[in-house]
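Engineer: Data: coords22.cif, mmCIF, C-alpha atoms and all ligand atoms.
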data_entry
#
loop_
_atom_site.label_atom_id
_atom_site.label_comp_id
_atom_site.auth_asym_id
_atom_site.auth_seq_id
_atom_site.Cartn_x
_atom_site.Cartn_y
_atom_site.Cartn_z
CA MET A 1 61.65 3.48 -11.09
CA ASP A 2 58.86 3.27 -8.49
CA ASP A 3 57.81 -0.07 -6.99
CA VAL A 4 54.16 0.81 -7.54
CA ALA A 5 52.58 3.67 -9.49
CA ILE A 6 48.99 4.35 -8.51
CA ILE A 7 46.49 6.14 -10.73
CA GLY A 8 43.85 7.98 -8.70
CA ALA A 9 44.01 9.65 -5.28
CA GLY A 10 40.58 8.50 -4.18
CA PRO A 11 40.33 6.53 -0.94
CA VAL A 12 41.44 3.28 -2.60
CA GLY A 13 44.56 4.66 -4.30
CA LEU A 14 45.58 6.54 -1.15
CA ALA A 15 45.02 3.47 1.06
CA LEU A 16 47.16 1.31 -1.21
CA ALA A 17 49.92 3.94 -1.27
CA ILE A 18 50.00 4.11 2.54
CA LEU A 19 50.06 0.34 3.00
CA LEU A 20 52.95 0.05 0.53
CA ALA A 21 54.88 2.99 2.02
CA GLN A 22 54.48 1.39 5.45
CA ASN A 23 56.14 -1.72 3.98
CA GLY A 24 59.07 0.32 2.71
CA ARG A 25 57.98 0.30 -0.95
CA SER A 26 58.41 3.37 -3.16
CA VAL A 27 55.09 4.70 -4.45
CA ARG A 28 53.73 7.59 -6.44
CA VAL A 29 50.08 8.58 -6.78
CA PHE A 30 49.01 10.29 -10.03
CA GLU A 31 45.84 12.37 -9.69
CA GLN A 32 44.18 14.25 -12.55
CA ARG A 33 42.58 16.83 -10.25
CA SER A 34 44.48 19.92 -9.18
CA VAL A 35 42.70 20.05 -5.80
CA PRO A 36 40.89 17.49 -3.62
CA ALA A 37 37.29 16.59 -4.55
CA ALA A 38 34.70 18.52 -2.54
CA HIS A 39 31.67 16.40 -3.47
CA SER A 40 30.21 14.35 -0.64
CA ARG A 41 29.68 10.65 -1.54
CA ALA A 42 30.49 7.79 0.84
CA PHE A 43 30.04 8.32 4.56
CA GLY A 44 29.47 4.80 5.95
CA LEU A 45 32.63 3.01 7.10
CA HIS A 46 31.78 -0.56 8.03
CA PRO A 47 33.74 -2.43 10.75
CA PRO A 48 36.15 -4.08 8.23
CA ALA A 49 36.88 -0.64 6.73
CA GLN A 50 37.54 0.75 10.22
CA GLN A 51 40.07 -2.06 10.74
CA VAL A 52 41.81 -1.11 7.49
CA LEU A 53 41.91 2.53 8.66
CA ASP A 54 43.62 1.30 11.86
CA GLN A 55 46.25 -0.45 9.75
CA LEU A 56 46.73 2.75 7.78
CA GLY A 57 47.40 4.66 10.99
CA VAL A 58 44.36 6.93 10.72
CA GLY A 59 41.87 4.85 12.71
CA GLU A 60 42.03 6.95 15.86
CA ALA A 61 41.57 10.23 13.95
CA ALA A 62 38.66 8.74 11.97
CA GLN A 63 36.94 7.68 15.22
CA ARG A 64 37.48 11.18 16.62
CA HIS A 65 36.00 12.95 13.59
CA GLY A 66 33.22 10.45 12.84
CA VAL A 67 29.96 9.56 14.50
CA GLN A 68 28.74 6.05 15.29
CA ILE A 69 25.67 4.55 13.62
CA ARG A 70 24.71 2.02 16.27
CA GLY A 71 21.61 0.49 14.77
CA GLY A 72 18.66 0.91 12.46
CA LEU A 73 14.91 1.29 12.55
CA GLY A 74 12.42 0.23 9.86
CA ILE A 75 9.43 2.58 9.94
CA SER A 76 6.19 2.18 8.01
CA ARG A 77 2.95 4.15 8.25
CA GLY A 78 4.28 6.08 11.23
CA ARG A 79 5.31 3.12 13.39
CA SER A 80 8.45 1.10 13.91
CA ILE A 81 8.14 -2.36 12.34
CA ALA A 82 11.73 -3.57 12.87
CA ALA A 83 14.72 -2.52 14.95
CA MET A 84 18.32 -3.59 14.57
CA ASP A 85 21.06 -3.15 17.16
CA PHE A 86 24.59 -3.40 15.76
CA ALA A 87 25.86 -4.24 19.30
CA THR A 88 24.72 -7.79 18.49
CA ILE A 89 27.55 -8.21 15.97
CA GLY A 90 30.18 -7.91 18.75
CA GLY A 91 33.83 -7.25 17.93
CA GLN A 92 35.94 -4.12 18.30
CA TYR A 93 33.64 -1.95 16.16
CA PRO A 94 29.99 -2.89 16.68
CA TYR A 95 28.80 0.06 14.59
CA VAL A 96 29.16 1.72 11.20
CA LEU A 97 31.29 4.87 11.45
CA SER A 98 29.79 7.86 9.64
CA LEU A 99 32.50 10.09 8.17
CA PRO A 100 32.14 12.04 4.91
CA GLN A 101 34.42 10.78 2.15
CA GLN A 102 36.25 14.14 1.88
CA SER A 103 37.29 13.84 5.54
CA THR A 104 38.45 10.24 5.10
CA GLU A 105 40.47 11.25 2.04
CA GLN A 106 42.00 14.19 3.88
CA LEU A 107 43.17 11.94 6.73
CA LEU A 108 44.64 9.52 4.18
CA ARG A 109 46.44 12.29 2.25
CA GLU A 110 47.97 13.67 5.46
CA ARG A 111 49.14 10.19 6.47
CA LEU A 112 50.68 9.55 3.04
CA GLU A 113 52.50 12.87 3.14
CA GLN A 114 54.00 11.85 6.53
CA LEU A 115 55.17 8.48 5.21
CA ALA A 116 56.19 9.38 1.65
CA PRO A 117 56.53 13.16 1.30
CA GLY A 118 56.05 14.41 -2.25
CA SER A 119 54.52 11.16 -3.53
CA MET A 120 51.24 12.85 -4.56
CA MET A 121 51.36 14.10 -8.15
CA TRP A 122 48.44 16.52 -8.60
CA SER A 123 47.22 17.63 -12.07
CA THR A 124 48.82 14.55 -13.62
CA ALA A 125 46.30 12.54 -15.62
CA PHE A 126 47.09 8.99 -16.72
CA GLU A 127 47.17 8.76 -20.53
CA GLN A 128 48.17 5.26 -21.61
CA VAL A 129 50.18 2.13 -20.94
CA LEU A 130 53.11 2.18 -23.37
CA LYS A 131 54.83 -1.13 -22.72
CA GLN A 132 54.71 -4.09 -20.33
CA SER A 133 57.47 -6.64 -19.76
CA GLU A 134 57.83 -9.41 -17.17
CA GLN A 135 59.65 -6.99 -14.88
CA ALA A 136 58.02 -3.59 -15.33
CA VAL A 137 55.37 -1.42 -16.90
CA GLU A 138 55.89 1.85 -18.76
CA PHE A 139 53.09 4.40 -19.01
CA ALA A 140 52.41 8.03 -19.87
CA ALA A 141 50.87 10.49 -17.39
CA GLY A 142 50.90 14.27 -17.51
CA GLY A 143 52.76 14.12 -20.84
CA VAL A 144 55.74 12.30 -19.28
CA VAL A 145 56.83 8.63 -19.51
CA HIS A 146 57.06 6.77 -16.16
CA ARG A 147 58.19 3.25 -15.20
CA ALA A 148 57.18 1.09 -12.25
CA LEU A 149 57.24 -2.57 -11.22
CA TRP A 150 53.44 -2.45 -10.93
CA LEU A 151 50.73 -0.06 -12.04
CA ALA A 152 47.52 0.13 -9.97
CA GLY A 153 44.45 1.66 -11.62
CA ALA A 154 42.36 3.08 -8.77
CA ASP A 155 40.83 5.75 -10.96
CA GLY A 156 37.15 5.19 -10.31
CA VAL A 157 34.10 4.04 -12.24
CA ARG A 158 35.18 5.68 -15.52
CA SER A 159 38.71 4.30 -15.19
CA ALA A 160 41.02 5.52 -17.96
CA VAL A 161 43.41 2.65 -17.15
CA ARG A 162 40.64 0.09 -17.71
CA THR A 163 39.57 1.82 -20.93
CA ASP A 164 43.13 1.99 -22.24
CA LEU A 165 43.62 -1.75 -21.65
CA GLU A 166 40.26 -2.39 -23.36
CA VAL A 167 39.05 -4.36 -20.33
CA GLY A 168 35.29 -4.98 -20.40
CA PHE A 169 33.07 -3.67 -17.59
CA ALA A 170 30.05 -5.90 -17.89
CA GLY A 171 26.79 -5.24 -16.08
CA ARG A 172 23.72 -3.06 -16.25
CA ASP A 173 22.02 0.10 -15.07
CA HIS A 174 19.23 -0.31 -12.52
CA ARG A 175 15.95 1.53 -12.50
CA ASP A 176 16.53 2.75 -8.92
CA ARG A 177 17.34 6.47 -8.63
CA TYR A 178 17.80 8.67 -5.61
CA LEU A 179 18.02 12.27 -4.49
CA MET A 180 20.08 12.96 -1.38
CA GLY A 181 20.85 15.94 0.81
CA ASP A 182 22.41 16.90 4.15
CA PHE A 183 20.45 18.83 6.82
CA PRO A 184 20.91 19.68 10.51
CA ASP A 185 19.66 16.80 12.67
CA THR A 186 16.31 17.83 14.13
CA THR A 187 14.95 14.27 14.38
CA GLY A 188 16.10 13.15 17.82
CA LEU A 189 17.10 9.85 16.18
CA ALA A 190 20.71 10.42 17.34
CA HIS A 191 22.91 7.38 16.50
CA THR A 192 20.15 5.45 14.72
CA ALA A 193 19.71 5.06 10.96
CA ALA A 194 16.05 5.22 9.94
CA LEU A 195 14.54 3.54 6.90
CA PHE A 196 11.07 4.92 6.13
CA LEU A 197 9.41 2.25 3.99
CA HIS A 198 6.91 4.49 2.25
CA GLN A 199 4.55 3.15 -0.37
CA GLN A 200 5.90 5.70 -2.91
CA GLY A 201 9.52 4.71 -2.25
CA ILE A 202 11.97 4.55 0.63
CA VAL A 203 13.47 7.50 2.52
CA GLU A 204 16.71 6.75 4.38
CA SER A 205 18.16 8.96 7.10
CA PHE A 206 21.64 8.60 8.63
CA PRO A 207 23.59 10.54 11.26
CA LEU A 208 26.56 12.59 10.05
CA PRO A 209 29.24 14.31 12.16
CA GLY A 210 28.48 17.86 13.32
CA ALA A 211 24.86 17.09 14.36
CA ARG A 212 23.74 16.72 10.74
CA ARG A 213 21.87 13.97 8.90
CA ARG A 214 22.00 12.65 5.35
CA TRP A 215 18.59 12.01 3.76
CA VAL A 216 18.30 9.73 0.72
CA VAL A 217 14.98 9.60 -1.12
CA ARG A 218 14.05 7.11 -3.85
CA VAL A 219 12.59 8.82 -6.91
CA GLU A 220 11.02 7.23 -9.99
CA GLN A 221 12.94 9.48 -12.37
CA LYS A 222 15.31 12.43 -12.31
CA LEU A 223 13.24 15.37 -11.08
CA ALA A 224 13.12 18.56 -13.13
CA ASP A 225 13.61 20.39 -9.84
CA ASP A 226 16.02 18.68 -7.43
CA SER A 227 16.37 21.68 -5.15
CA PRO A 228 16.54 21.42 -1.33
CA GLY A 229 12.90 22.60 -1.29
CA THR A 230 11.68 19.65 -3.39
CA LEU A 231 13.77 17.24 -1.32
CA ALA A 232 12.40 18.64 1.97
CA GLU A 233 8.80 18.45 0.65
CA THR A 234 9.22 14.79 -0.35
CA ILE A 235 10.77 13.98 3.03
CA LEU A 236 7.87 15.71 4.82
CA SER A 237 5.22 13.88 2.82
CA ARG A 238 6.83 10.45 3.28
CA THR A 239 8.17 10.69 6.86
CA GLY A 240 6.43 13.56 8.65
CA TYR A 241 9.78 15.25 9.39
CA LEU A 242 9.82 18.97 8.59
CA LEU A 243 13.26 20.14 7.40
CA ASP A 244 14.29 23.70 6.58
CA PRO A 245 15.55 23.82 2.95
CA GLY A 246 17.57 26.91 3.85
CA THR A 247 19.79 24.77 6.10
CA CYS A 248 20.53 22.13 3.45
CA THR A 249 24.28 22.00 2.68
CA MET A 250 24.23 19.64 -0.31
CA THR A 251 21.84 17.93 -2.70
CA SER A 252 22.81 15.36 -5.28
CA TYR A 253 20.98 13.01 -7.60
CA PHE A 254 22.36 9.57 -8.43
CA GLY A 255 21.42 6.56 -10.53
CA THR A 256 22.56 3.02 -9.81
CA ALA A 257 24.37 0.30 -11.73
CA THR A 258 26.26 -2.95 -11.20
CA ARG A 259 29.34 -3.51 -13.36
CA MET A 260 32.46 -5.58 -12.94
CA VAL A 261 35.64 -6.54 -14.74
CA SER A 262 36.20 -10.25 -15.35
CA SER A 263 39.75 -9.94 -13.99
CA MET A 264 41.46 -7.29 -11.88
CA VAL A 265 44.92 -8.33 -13.08
CA HIS A 266 46.26 -7.56 -16.56
CA GLY A 267 49.95 -8.38 -16.71
CA ARG A 268 51.62 -5.90 -14.34
CA VAL A 269 48.55 -3.68 -14.18
CA VAL A 270 45.96 -4.19 -11.43
CA LEU A 271 42.51 -2.58 -11.30
CA LEU A 272 41.10 -1.78 -7.84
CA GLY A 273 38.07 -0.20 -6.17
CA ASP A 274 35.39 1.33 -8.40
CA ALA A 275 37.67 0.86 -11.42
CA ALA A 276 37.14 -2.89 -10.97
CA HIS A 277 33.60 -3.04 -9.62
CA GLN A 278 30.72 -0.57 -9.49
CA ILE A 279 27.88 -1.40 -7.11
CA SER A 280 24.84 0.57 -6.06
CA PRO A 281 25.54 3.08 -3.27
CA ILE A 282 22.39 1.84 -1.48
CA GLY A 283 23.81 -0.05 1.49
CA GLY A 284 26.97 2.05 1.08
CA GLN A 285 29.54 -0.67 0.61
CA GLY A 286 31.70 0.58 -2.31
CA LEU A 287 34.34 2.36 -0.28
CA SER A 288 34.62 -0.45 2.25
CA LEU A 289 35.02 -2.94 -0.63
CA GLY A 290 37.70 -0.78 -2.23
CA LEU A 291 39.69 -0.42 1.01
CA ALA A 292 39.71 -4.21 1.29
CA ASP A 293 40.95 -4.40 -2.34
CA ALA A 294 43.81 -2.09 -1.41
CA GLN A 295 44.62 -4.28 1.59
CA ALA A 296 44.61 -7.44 -0.54
CA ALA A 297 46.71 -5.84 -3.32
CA ALA A 298 49.27 -4.57 -0.80
CA SER A 299 49.59 -8.13 0.56
CA VAL A 300 50.12 -9.50 -2.92
CA PHE A 301 52.76 -6.88 -3.81
CA ALA A 302 54.53 -7.33 -0.45
CA ALA A 303 54.62 -11.12 -0.66
CA GLY A 304 55.43 -11.23 -4.38
CA ALA A 305 52.45 -13.61 -4.60
CA PRO A 306 50.70 -14.26 -7.93
CA ALA A 307 48.45 -11.26 -8.49
CA GLY A 308 45.77 -13.53 -10.00
CA SER A 309 44.79 -14.53 -6.44
CA LEU A 310 43.17 -11.09 -6.12
CA ASP A 311 40.40 -12.09 -8.49
CA ASP A 312 39.14 -15.07 -6.46
CA LEU A 313 38.97 -13.12 -3.25
CA ARG A 314 37.98 -9.61 -4.26
CA LEU A 315 35.63 -10.17 -7.18
CA ALA A 316 33.73 -12.69 -5.06
CA ALA A 317 33.40 -10.03 -2.32
CA ALA A 318 32.19 -7.50 -4.91
CA ARG A 319 29.60 -9.93 -6.30
CA SER A 320 28.24 -10.60 -2.84
CA ALA A 321 28.11 -6.86 -1.98
CA ALA A 322 26.30 -6.23 -5.28
CA ARG A 323 23.67 -8.85 -4.36
CA ARG A 324 23.12 -7.22 -0.96
CA ALA A 325 22.80 -3.79 -2.57
CA GLN A 326 20.17 -5.17 -4.95
CA VAL A 327 18.12 -6.57 -2.06
CA ASN A 328 18.36 -3.17 -0.33
CA MET A 329 17.13 -1.41 -3.49
CA LEU A 330 14.26 -3.87 -3.92
CA LEU A 331 13.10 -3.20 -0.35
CA GLY A 332 12.89 0.50 -1.11
CA ARG A 333 10.82 0.40 -4.29
CA ALA A 334 7.32 1.86 -4.57
CA LEU A 335 4.53 -0.67 -3.93
CA PRO A 336 0.80 -0.88 -4.68
CA SER A 337 -0.86 0.37 -1.48
CA TRP A 338 -2.78 -2.88 -0.86
CA THR A 339 0.49 -4.83 -0.47
CA VAL A 340 1.95 -2.52 2.23
CA PRO A 341 0.17 -4.10 5.28
CA LEU A 342 1.22 -7.55 4.08
CA ARG A 343 4.86 -6.46 3.60
CA ASP A 344 4.88 -4.80 7.04
CA SER A 345 3.56 -7.87 8.79
CA VAL A 346 6.14 -10.11 7.06
CA ILE A 347 8.95 -7.74 8.12
CA SER A 348 7.58 -7.48 11.70
CA SER A 349 7.41 -11.24 12.10
CA LEU A 350 10.89 -11.76 10.65
CA ALA A 351 12.21 -9.01 12.97
CA ALA A 352 10.90 -10.97 15.97
CA SER A 353 13.68 -13.54 15.46
CA ALA A 354 16.84 -12.53 17.37
CA TRP A 355 18.88 -14.94 15.22
CA LEU A 356 17.64 -13.40 11.97
CA LYS A 357 18.13 -9.86 13.29
CA GLN A 358 21.75 -10.63 14.10
CA LYS A 359 22.23 -12.14 10.64
CA VAL A 360 20.79 -9.02 8.99
CA ALA A 361 22.92 -6.76 11.24
CA ARG A 362 26.01 -8.72 10.16
CA SER A 363 25.06 -8.35 6.52
CA PHE A 364 24.45 -4.57 6.87
CA THR A 365 27.78 -4.10 8.62
CA MET A 366 29.75 -6.34 6.20
CA THR A 367 30.77 -8.66 9.06
CA SER A 368 29.22 -11.94 7.91
CA PRO A 369 31.91 -14.67 7.85
CA GLY A 370 32.06 -14.65 4.01
CA GLN A 371 32.61 -10.87 3.90
CA ARG A 372 35.78 -10.71 6.00
CA THR A 373 38.92 -9.17 4.53
CA ILE A 374 42.44 -10.58 4.68
CA PRO A 375 45.24 -9.24 6.87
CA VAL A 376 48.20 -7.42 5.35
CA ALA A 377 51.29 -9.68 5.13
C1 LIG A 401 26.01 8.91 -3.68
C2 LIG A 401 27.03 7.92 -3.26
C3 LIG A 401 27.08 7.49 -1.93
C4 LIG A 401 27.99 6.52 -1.52
N1 LIG A 401 28.00 6.10 -0.22
C5 LIG A 401 28.88 5.14 0.18
C6 LIG A 401 28.97 4.75 1.57
O1 LIG A 401 28.26 5.26 2.43
N2 LIG A 401 29.88 3.78 1.92
C7 LIG A 401 30.71 3.21 0.98
O2 LIG A 401 31.50 2.31 1.35
N3 LIG A 401 30.68 3.60 -0.33
C8 LIG A 401 29.80 4.55 -0.76
N4 LIG A 401 29.80 4.99 -2.05
C9 LIG A 401 30.80 4.46 -3.00
C10 LIG A 401 32.15 5.15 -2.85
O3 LIG A 401 32.01 6.55 -2.97
C11 LIG A 401 33.09 4.62 -3.92
O4 LIG A 401 33.04 3.21 -3.91
C12 LIG A 401 34.53 5.09 -3.65
O5 LIG A 401 34.67 6.47 -3.85
C13 LIG A 401 35.51 4.35 -4.58
O6 LIG A 401 36.79 4.84 -4.36
P1 LIG A 401 37.90 4.77 -5.48
O7 LIG A 401 39.15 5.30 -4.84
O8 LIG A 401 37.90 3.41 -6.10
O9 LIG A 401 37.40 5.74 -6.65
P2 LIG A 401 37.11 7.32 -6.61
O10 LIG A 401 36.71 7.76 -5.27
O11 LIG A 401 36.20 7.59 -7.75
O12 LIG A 401 38.53 7.97 -6.91
C14 LIG A 401 39.13 7.89 -8.19
C15 LIG A 401 40.19 8.99 -8.34
O13 LIG A 401 40.85 8.81 -9.58
C16 LIG A 401 41.02 10.07 -10.21
N5 LIG A 401 41.17 9.86 -11.66
C17 LIG A 401 40.21 9.50 -12.55
N6 LIG A 401 40.74 9.39 -13.77
C18 LIG A 401 42.06 9.70 -13.67
C19 LIG A 401 43.15 9.76 -14.61
N7 LIG A 401 42.99 9.54 -15.93
N8 LIG A 401 44.37 10.09 -14.14
C20 LIG A 401 44.56 10.36 -12.82
N9 LIG A 401 43.56 10.31 -11.89
C21 LIG A 401 42.33 9.98 -12.32
C22 LIG A 401 39.76 10.83 -9.83
O14 LIG A 401 39.93 12.23 -9.96
C23 LIG A 401 39.57 10.39 -8.37
O15 LIG A 401 40.26 11.24 -7.49
C24 LIG A 401 28.90 5.97 -2.48
C25 LIG A 401 28.88 6.42 -3.81
C26 LIG A 401 27.95 7.38 -4.20
C27 LIG A 401 27.94 7.84 -5.66
#
Starting from the file, lay out its structure as structure tokens.
Structural biologist:
Amino acid sequence: MDDVAIIGAGPVGLALAILLAQNGRSVRVFEQRSVPAAHSRAFGLHPPAQQVLDQLGVGEAAQRHGVQIRGGLGISRGRSIAAMDFATIGGQYPYVLSLPQQSTEQLLRERLEQLAPGSMMWSTAFEQVLKQSEQAVEFAAGGVVHRALWLAGADGVRSAVRTDLEVGFAGRDHRDRYLMGDFPDTTGLAHTAALFLHQQGIVESFPLPGARRRWVVRVEQKLADDSPGTLAETILSRTGYLLDPGTCTMTSYFGTATRMVSSMVHGRVVLLGDAAHQISPIGGQGLSLGLADAQAAASVFAAGAPAGSLDDLRLAAARSAARRAQVNMLLGRALPSWTVPLRDSVISSLAASAWLKQKVARSFTMTSPGQRTIPVA
């Protein structure tokens, strides 16, 4: 019998497996896919997430492969109306590290294989929980019955573990939708994230490793044509930057929603990461939140502490991240043109306050005092 069985080899499941293996616990990770996911989603690793990566033993490699986002610029009608320097937050990592999710997952898989060879079970989908007692949980995956002291559902937004336990996922869809794509960086913006506050909707641009940039464009509805050409045209019309569609390596459309479980703990089954809380990717906090869940769950399992304590800490963190994401989405919505000068002058005057700028930088980097994670026991 394993100490902990983990459903889902996304970043959260892998992080939990590593933390437990480092503590001498036996773990197995059950993944429905037969090969790693190739789709590019999260790339922003906030300072608390970088600290978790250090604890996982992959921090140095992540720093080597990633690129630092050292600050941000708010741009409207062709001029900068606010600038933010993440150096003001201090600490070991005064920047957001940009590293595509596939690369983060690869580093985590390699580390897990070092610590617990053979613990990854590919092509093994979770089916159902069969029985729970005070000591153990029995479940079916890949057509076979397994037993573990604990079962962790880290199987993403459409969690089969959550569905099987009939745990509600309350919340709502938002009207904010986006088209994103990766292009070579021809902007000269280097380590700076740029937010183009266009009247028809925001365009965000972030550095990626390999001299590339991710562009995220707010759209009113899913476009009939979401090709690189359409994306590049929208970027040109809202920012003035001319990108070559032929050099685009990925486009993807996404909607947004906020949903959460009312408890992450259900007997000896714990829900973590996106399985427990879905927040809008705008502000890019989901992965960082999930890594902190893994850290908190590992502490609880290691200390034999009551698992219920996870709810107070982690659902509160998810609620606060969801609020920040909603503010970010609101800032990016289309506006009547007559309100734009007024909005710009409000932002410019707020940005003149060094105190406020530091507060906003802390919020963007998930380093405000209320957002801190807890150390592993
Ligand atoms: C467009 C976009 C951009 C984003 N950008 C950022 C960002 O910059 N920064 C950030 O912090 N977050 C970002 N996020 C959010 C981030 O991607 C997620 O929060 C993160 O992937 C959650 O990790 P997870 O391990 O909980 O779930 P997932 O990454 O979804 O992994 C779940 C795993 O479980 C497996 N699985 C599912 N069902 C089963 C089953 N029945 N049996 C076995 N395995 C199963 C899946 O195959 C998958 O491998 C973004 C999200 C999107 C959509």
Engineer: Report the distance between atom CA of A:Arg214 and atom N1 of ligand LIG 401 (chain A) in Å, rounded to one decimal place.
Structural biologist: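 About the pair atom CA of A:Arg214 and atom N1 of ligand LIG 401 (chain A): they are 10.5 Å apart.
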Engineer: Would you pick out the contacts of A:Asp3 at 6 Å or less, using all atoms listed in the file, so that residues sharing its chain but fewer than 6 positions from it are not included, and give the list as a ChimeraX atom specification?
Structural biologist: /A:26,148-149
Engineer: Next, dump the selected residues to file, keeping only C-alpha atoms, as a compact mmCIF listing (two decimals), keeping the file's coordinate frame.
Structural biologist:
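Saved file out33.txt follows:
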# COMPACT_ATOMS: atom_id res chain seq x y z
CA SER A 26 58.41 3.37 -3.16
CA ALA A 148 57.18 1.09 -12.25
CA LEU A 149 57.24 -2.57 -11.22
Engineer: Counting all atoms listed in the file, what are the residues, protein, DNA or RNA alike, that approach ligand LIG 401 (chain A) to within 6 Å? I want them as a ChimeraX atom specification.
Structural biologist: /A:7-13,30-33,41-45,125-126,154-156,159-160,273-275,281,284-288,290
Engineer: Here's a test: counting all atoms listed in the file, identify every protein, DNA and RNA residue with an atom at most 12 Å from (13.8, 20.5, -4.0) in the file's coordinate frame, and state them as a PyMOL selection string.
Structural biologist: chain A and resi 179-181+217+222-236+243-246+248+250-253
Engineer: Which is closer to A:Glu220 than all the others in A:Trp150, A:Phe169, A:Phe254, A:Phe301, using only C-alpha atoms?
Structural biologist: A:Phe254
